[in-house]
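J.: The file below is my_file-v7.txt, compact mmCIF, C-alpha atoms:
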```txt
# COMPACT_ATOMS: atom_id res chain seq x y z
CA MET A 950 86.24 146.62 120.91
CA GLY A 951 84.35 144.76 123.64
CA TRP A 952 81.36 145.72 125.77
CA ILE A 953 83.17 145.94 129.11
CA LYS A 954 83.83 149.62 129.72
CA VAL A 955 83.26 150.21 133.44
CA VAL A 956 84.33 147.93 136.30
CA THR A 957 83.08 148.30 139.88
CA ALA A 958 85.28 147.06 142.71
CA PHE A 959 83.97 145.92 146.10
CA MET A 960 86.58 145.38 148.82
CA ALA A 961 87.50 145.91 152.45
CA SER A 962 88.02 149.32 154.01
CA SER A 963 90.19 147.54 156.60
CA LYS A 964 93.89 146.79 156.14
CA GLY A 965 94.68 144.25 153.47
CA ALA A 966 97.18 141.42 153.78
CA PRO A 967 100.31 141.74 151.58
CA GLU A 968 99.00 139.17 149.09
CA GLU A 969 95.65 141.01 148.88
CA ILE A 970 97.40 144.32 148.18
CA ALA A 971 99.47 142.64 145.46
CA LEU A 972 96.29 141.13 144.00
CA VAL A 973 94.54 144.50 143.83
CA ASP A 974 97.61 146.12 142.26
CA ALA A 975 97.86 143.43 139.57
CA VAL A 976 94.16 143.67 138.70
CA VAL A 977 94.22 147.48 138.55
CA LYS A 978 97.31 147.38 136.33
CA GLY A 979 95.56 144.97 133.99
CA LEU A 980 92.40 147.08 133.86
CA ALA A 981 94.45 150.20 133.09
CA GLU A 982 96.23 148.40 130.26
CA ARG A 983 92.81 147.44 128.87
CA LYS A 984 91.61 151.07 129.02
CA LYS A 985 88.73 150.32 131.40
CA ASP A 986 87.22 152.81 133.85
CA GLY A 987 86.58 152.01 137.49
CA ILE A 988 84.12 152.68 140.30
CA TYR A 989 84.64 152.03 144.00
CA GLY A 990 83.16 153.08 147.34
CA GLY A 991 85.29 156.16 148.01
CA GLY A 992 87.87 156.88 150.70
CA ASP A 993 91.50 155.88 151.02
CA THR A 994 91.60 153.53 154.00
CA GLY A 995 92.54 149.86 154.04
CA LEU A 996 92.36 147.83 150.85
CA MET A 997 90.23 150.57 149.27
CA GLY A 998 93.14 152.95 149.79
CA ASP A 999 95.48 150.45 148.15
CA PHE A 1000 93.07 150.33 145.22
CA VAL A 1001 93.21 154.13 144.81
CA ARG A 1002 96.99 154.24 145.09
CA ALA A 1003 97.30 151.49 142.49
CA ALA A 1004 94.93 153.41 140.21
CA ARG A 1005 97.12 156.50 140.45
CA ALA A 1006 100.28 154.50 139.88
CA HIS A 1007 98.97 152.74 136.78
CA GLY A 1008 96.88 155.54 135.25
CA PHE A 1009 93.57 153.80 135.90
CA HIS A 1010 90.65 156.25 135.79
CA VAL A 1011 88.44 155.65 138.82
CA LYS A 1012 85.44 157.32 140.47
CA GLY A 1013 84.51 156.88 144.13
CA TYR A 1014 81.06 157.34 145.63
CA ILE A 1015 81.21 158.21 149.32
CA PRO A 1016 78.07 158.62 151.47
CA THR A 1017 77.48 161.74 153.56
CA GLU A 1018 77.13 159.58 156.68
CA LEU A 1019 80.67 158.24 156.26
CA ILE A 1020 82.04 161.73 155.71
CA ASN A 1021 80.33 162.86 158.93
CA LEU A 1022 81.77 159.87 160.76
CA VAL A 1023 85.29 160.74 159.65
CA LYS A 1024 84.77 164.36 160.70
CA LYS A 1025 83.52 163.22 164.09
CA HIS A 1026 86.65 161.18 164.76
CA ASN A 1027 89.27 163.20 162.88
CA GLY A 1028 87.84 166.70 163.01
CA ASP A 1029 88.03 167.15 159.24
CA TYR A 1030 87.58 165.35 155.95
CA LYS A 1031 89.60 165.95 152.81
CA PRO A 1032 87.96 164.50 149.70
CA LEU A 1033 90.15 162.86 147.09
CA ALA A 1034 90.40 165.45 144.32
CA HIS A 1035 88.93 164.47 140.95
CA ILE A 1036 87.95 161.04 142.31
CA GLU A 1037 85.24 161.25 144.92
CA GLU A 1038 81.60 162.22 144.59
CA GLU A 1039 79.47 162.61 147.71
CA VAL A 1040 76.11 160.81 147.71
CA ALA A 1041 73.27 161.02 150.22
CA SER A 1042 73.32 157.48 151.62
CA MET A 1043 74.95 154.05 151.65
CA ASP A 1044 72.03 152.67 149.64
CA ILE A 1045 72.46 155.28 146.91
CA ARG A 1046 76.18 154.57 146.75
CA LYS A 1047 75.56 150.84 146.37
CA ALA A 1048 72.86 151.36 143.75
CA ARG A 1049 75.07 153.58 141.61
CA MET A 1050 78.04 151.22 141.90
CA ILE A 1051 75.86 148.35 140.68
CA LYS A 1052 73.84 150.13 137.99
CA GLU A 1053 76.73 151.99 136.36
CA CYS A 1054 79.07 149.05 135.79
CA ASP A 1055 79.36 146.38 133.13
CA VAL A 1056 81.35 144.08 135.39
CA ALA A 1057 81.94 143.98 139.13
CA ILE A 1058 84.79 142.47 141.12
CA THR A 1059 84.48 141.41 144.75
CA PHE A 1060 87.91 141.33 146.38
CA PRO A 1061 88.41 140.01 149.92
CA GLY A 1062 86.28 142.08 152.27
CA GLY A 1063 84.08 142.11 155.34
CA SER A 1064 80.35 142.30 155.93
CA GLY A 1065 79.97 145.33 153.63
CA SER A 1066 81.57 143.51 150.71
CA PHE A 1067 79.39 140.46 151.34
CA GLU A 1068 76.29 142.63 151.33
CA GLU A 1069 77.36 144.35 148.11
CA PHE A 1070 78.06 141.00 146.46
CA TRP A 1071 74.64 139.57 147.32
CA THR A 1072 72.82 142.81 146.44
CA PHE A 1073 74.52 142.73 143.04
CA GLN A 1074 73.34 139.16 142.49
CA VAL A 1075 69.75 139.98 143.49
CA PHE A 1076 69.73 143.08 141.30
CA GLN A 1077 70.78 141.10 138.21
CA GLU A 1078 68.13 138.47 138.85
CA LEU A 1079 65.30 140.95 139.41
CA SER A 1080 66.38 142.91 136.34
CA SER A 1081 66.21 139.73 134.26
CA TYR A 1082 62.56 139.22 135.17
CA ASN A 1083 61.73 142.89 134.69
CA ASP A 1084 63.30 143.15 131.23
CA PRO A 1085 64.59 139.82 129.88
CA ASP A 1086 66.07 141.43 126.77
CA ALA A 1087 68.13 144.04 128.64
CA PRO A 1088 71.85 143.41 129.16
CA VAL A 1089 73.02 142.14 132.54
CA SER A 1090 76.33 142.68 134.31
CA SER A 1091 78.81 140.01 135.36
CA MET A 1092 80.51 139.43 138.70
CA PHE A 1093 84.00 138.15 139.48
CA LEU A 1094 84.36 136.73 142.98
CA VAL A 1095 88.08 136.65 143.82
CA ASN A 1096 88.57 133.56 145.95
CA GLN A 1097 92.22 134.17 146.79
CA ASN A 1098 93.56 131.48 149.14
CA GLY A 1099 90.04 130.11 149.56
CA TYR A 1100 88.73 133.34 151.11
CA TYR A 1101 85.26 132.83 149.63
CA ASP A 1102 85.09 129.04 149.83
CA GLY A 1103 82.19 129.36 152.26
CA THR A 1104 80.30 131.64 149.88
CA VAL A 1105 80.79 129.27 146.96
CA GLN A 1106 79.59 126.37 149.11
CA GLN A 1107 76.54 128.38 150.20
CA ILE A 1108 75.61 129.05 146.57
CA GLU A 1109 75.91 125.35 145.79
CA THR A 1110 73.69 124.60 148.79
CA ILE A 1111 71.10 127.17 147.66
CA VAL A 1112 70.92 125.63 144.18
CA ALA A 1113 70.86 122.04 145.49
CA ALA A 1114 68.01 122.93 147.86
CA LYS A 1115 66.14 124.50 144.91
CA LYS A 1116 65.93 127.85 146.66
CA LYS A 1117 67.41 129.38 143.51
CA HIS A 1118 67.88 128.02 140.00
CA ALA A 1119 71.42 127.57 138.69
CA GLU A 1120 70.86 129.97 135.78
CA ALA A 1121 70.64 132.86 138.27
CA TYR A 1122 74.40 132.53 138.80
CA LYS A 1123 75.32 132.27 135.14
CA THR A 1124 77.12 135.64 135.18
CA LEU A 1125 79.09 134.80 138.35
CA TYR A 1126 82.72 133.79 137.83
CA VAL A 1127 84.83 132.50 140.71
CA VAL A 1128 88.54 133.15 140.13
CA ASN A 1129 91.60 132.61 142.30
CA SER A 1130 94.13 135.12 140.98
CA ALA A 1131 94.56 138.37 139.07
CA GLU A 1132 95.85 136.46 136.05
CA GLU A 1133 92.81 134.18 135.98
CA LEU A 1134 90.44 137.14 136.42
CA LEU A 1135 91.94 139.18 133.60
CA LYS A 1136 92.08 136.19 131.25
CA LYS A 1137 88.43 135.37 131.90
CA MET A 1138 87.46 139.03 131.51
CA ASP A 1139 89.18 139.18 128.12
CA ASP A 1140 87.29 136.08 127.03
CA LEU A 1141 84.00 137.52 128.29
CA ASP A 1142 84.67 140.83 126.54
CA SER A 1143 85.18 139.05 123.22
CA HIS A 1144 81.72 137.45 123.31
CA PRO A 1145 78.25 139.02 123.18
CA ARG A 1146 76.96 140.35 126.47
CA MET A 1147 74.36 138.20 128.18
CA THR A 1148 70.83 139.44 128.69
CA GLY A 1149 68.30 138.85 131.43
CA ARG A 1150 66.85 135.96 129.44
CA ASP A 1151 70.09 134.01 130.02
CA LEU A 1152 69.52 134.17 133.80
CA LEU A 1153 65.98 132.80 133.74
CA PRO A 1154 65.25 129.12 134.35
CA SER A 1155 64.59 127.08 131.22
CA SER A 1156 61.09 126.30 132.49
CA TYR A 1157 60.18 129.99 132.85
CA SER A 1158 57.38 131.21 130.62
CA PHE A 1159 56.42 134.81 129.80
CA TYR A 1160 52.84 135.94 130.09
```
Mind converting the file's structure to structure tokens?
T.:
Amino acid sequence: MGWIKVVTAFMASSKGAPEEIALVDAVVKGLAERKKDGIYGGGDTGLMGDFVRAARAHGFHVKGYIPTELINLVKKHNGDYKPLAHIEEEVASMDIRKARMIKECDVAITFPGGSGSFEEFWTFQVFQELSSYNDPDAPVSSMFLVNQNGYYDGTVQQIETIVAAKKKHAEAYKTLYVVNSAEELLKKMDDLDSHPRMTGRDLLPSSYSFY
């Protein structure tokens, strides 16, 4: 029995391309087969909606956190809002949603997405790094960046640039795994789950000293 129990998914609320929908379905199916639980940002639009429908189809238990401000926005445009029964939980703000999605997971997956997904990805990375300094012996969570068809090539290049420019040490990205397909993601997750979970100490530079 491994340590990966809960998986958070970040993805677009806009319409997904056919290959992105197939990717999400394959990952959700694999997570369901592995008896994992899921967290996502609530709602049923775009790729997030495809995620929910895949969860229902494959028996994947998932919880969605949806901010009050988004509910009010839907009501403003549609006149009503119908929460997804047994799935959604309303939270007070976007920041609270993001914090809960990050803090409550063992592993996160960033599927193709827009500016919101980018922000969630980078916030996750910063949170792990700050946590490592705050409590080096506490467990940290891992991130899978799904670079399907080179979608996140620019992000990967930016990380390489950051490390090369010494704006961040390479160890800070030790729990980041760039994968290209559902098969590669699930295989890597199985391997990760079979080894001890990393702690904050693993993300600190080798030259770091504690006072």
J.: Within 9 Å of region 958-975 of chain A, which residues of region 1049-1079 of chain A show up? Give each one with its shortest atom-to-atom distance in Å (one decimal) and the two atoms involved, counting all atoms listed in the file, rows by chain then rising residue number, as CSV.
T.:
```
residue,atom,partner,partner_atom,distance
A:Met1050,CA,A:Ala958,CA,8.4
A:Val1056,CA,A:Ala958,CA,8.8
A:Ala1057,CA,A:Ala958,CA,5.8
A:Ile1058,CA,A:Ala958,CA,4.9
A:Thr1059,CA,A:Phe959,CA,4.7
A:Phe1060,CA,A:Met960,CA,4.9
A:Pro1061,CA,A:Met960,CA,5.8
A:Gly1062,CA,A:Ala961,CA,4.0
A:Gly1063,CA,A:Ala961,CA,5.9
A:Ser1064,CA,A:Ala961,CA,8.7
A:Gly1065,CA,A:Ala961,CA,7.6
A:Ser1066,CA,A:Met960,CA,5.7
A:Phe1067,CA,A:Phe959,CA,8.8
A:Glu1069,CA,A:Phe959,CA,7.1
A:Phe1070,CA,A:Phe959,CA,7.7
```
J.: Have a look at A:Gly995, A:Tyr989, A:Phe1000, A:Glu1068 and name the one nearest to Arg1046 (chain A); count only C-alpha atoms.
T.: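 Ranking A:Gly995, A:Tyr989, A:Phe1000, A:Glu1068 by distance to Arg1046 (chain A), first place goes to A:Tyr989.
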J.: Give me, as a count of residues only, all polymer residues having an atom no more than 12 Å from region 1110-1119 of chain A, counting only C-alpha atoms and skipping those fewer than 3 positions away in the same chain.
T.: 19
J.: So how many Å separate CA of Phe1073 (chain A) and CA of Val1127 (chain A), to one decimal?
T.: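 One can read the CA of Phe1073 (chain A) to CA of Val1127 (chain A) distance as 14.7 Å.
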J.: Which of these residues is nearest to Gly1149 (chain A), using all atoms listed in the file: A:Leu1079, A:Ile1108, A:Leu1134, A:Met1092?
T.: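 Closest residue, counting all atoms listed in the file: A:Leu1079.
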J.: I'd like to know which of A:Leu980, A:Ala1048, A:Val1128, A:Val1011 is closest to Leu1094 (chain A), using all atoms listed in the file.
T.: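 The shortest atom-to-atom distance to Leu1094 (chain A) comes from A:Val1128.
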J.: Tell me which of A:Glu1038, A:Leu1141, A:Ala1121, A:Asn1098 sits closest to Phe1076 (chain A), counting all atoms listed in the file.
T.: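 Checking each candidate against Phe1076 (chain A), we get A:Ala1121 as the closest.
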J.: Extract, using all atoms listed in the file, all DNA, RNA and protein residues at most 12 Å from His1144 (chain A), discarding same-chain residues fewer than 2 positions from it, and format them as a ChimeraX atom specification.
T.: /A:950-953,1137-1142,1146-1147
J.: Quick one: write out the picked residues with C-alpha atoms as a tab-separated table (two decimals), in the coordinates of the input?
T.:
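Contents of result-v6.tsv, as written:
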```tsv
chain	number	residue	atom	x	y	z
A	950	MET	CA	86.24	146.62	120.91
A	951	GLY	CA	84.35	144.76	123.64
A	952	TRP	CA	81.36	145.72	125.77
A	953	ILE	CA	83.17	145.94	129.11
A	1137	LYS	CA	88.43	135.37	131.90
A	1138	MET	CA	87.46	139.03	131.51
A	1139	ASP	CA	89.18	139.18	128.12
A	1140	ASP	CA	87.29	136.08	127.03
A	1141	LEU	CA	84.00	137.52	128.29
A	1142	ASP	CA	84.67	140.83	126.54
A	1146	ARG	CA	76.96	140.35	126.47
A	1147	MET	CA	74.36	138.20	128.18
```
J.: Rounded to one decimal in Å, what is the spacing between CA of Asp986 (chain A) and CA of His1010 (chain A)?
T.: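 Answer for the CA of Asp986 (chain A) to CA of His1010 (chain A) separation: 5.2 Å.
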J.: Which polymer residues have any atom within 7 Å of an atom of Ala1041 (chain A), counting only C-alpha atoms, with same-chain residues fewer than 4 positions away left out, as a ChimeraX atom specification?
T.: /A:1016-1017,1045
J.: Interatomic distance between CA of Asp1086 (chain A) and CA of Lys1012 (chain A)?
T.: 28.6 Å
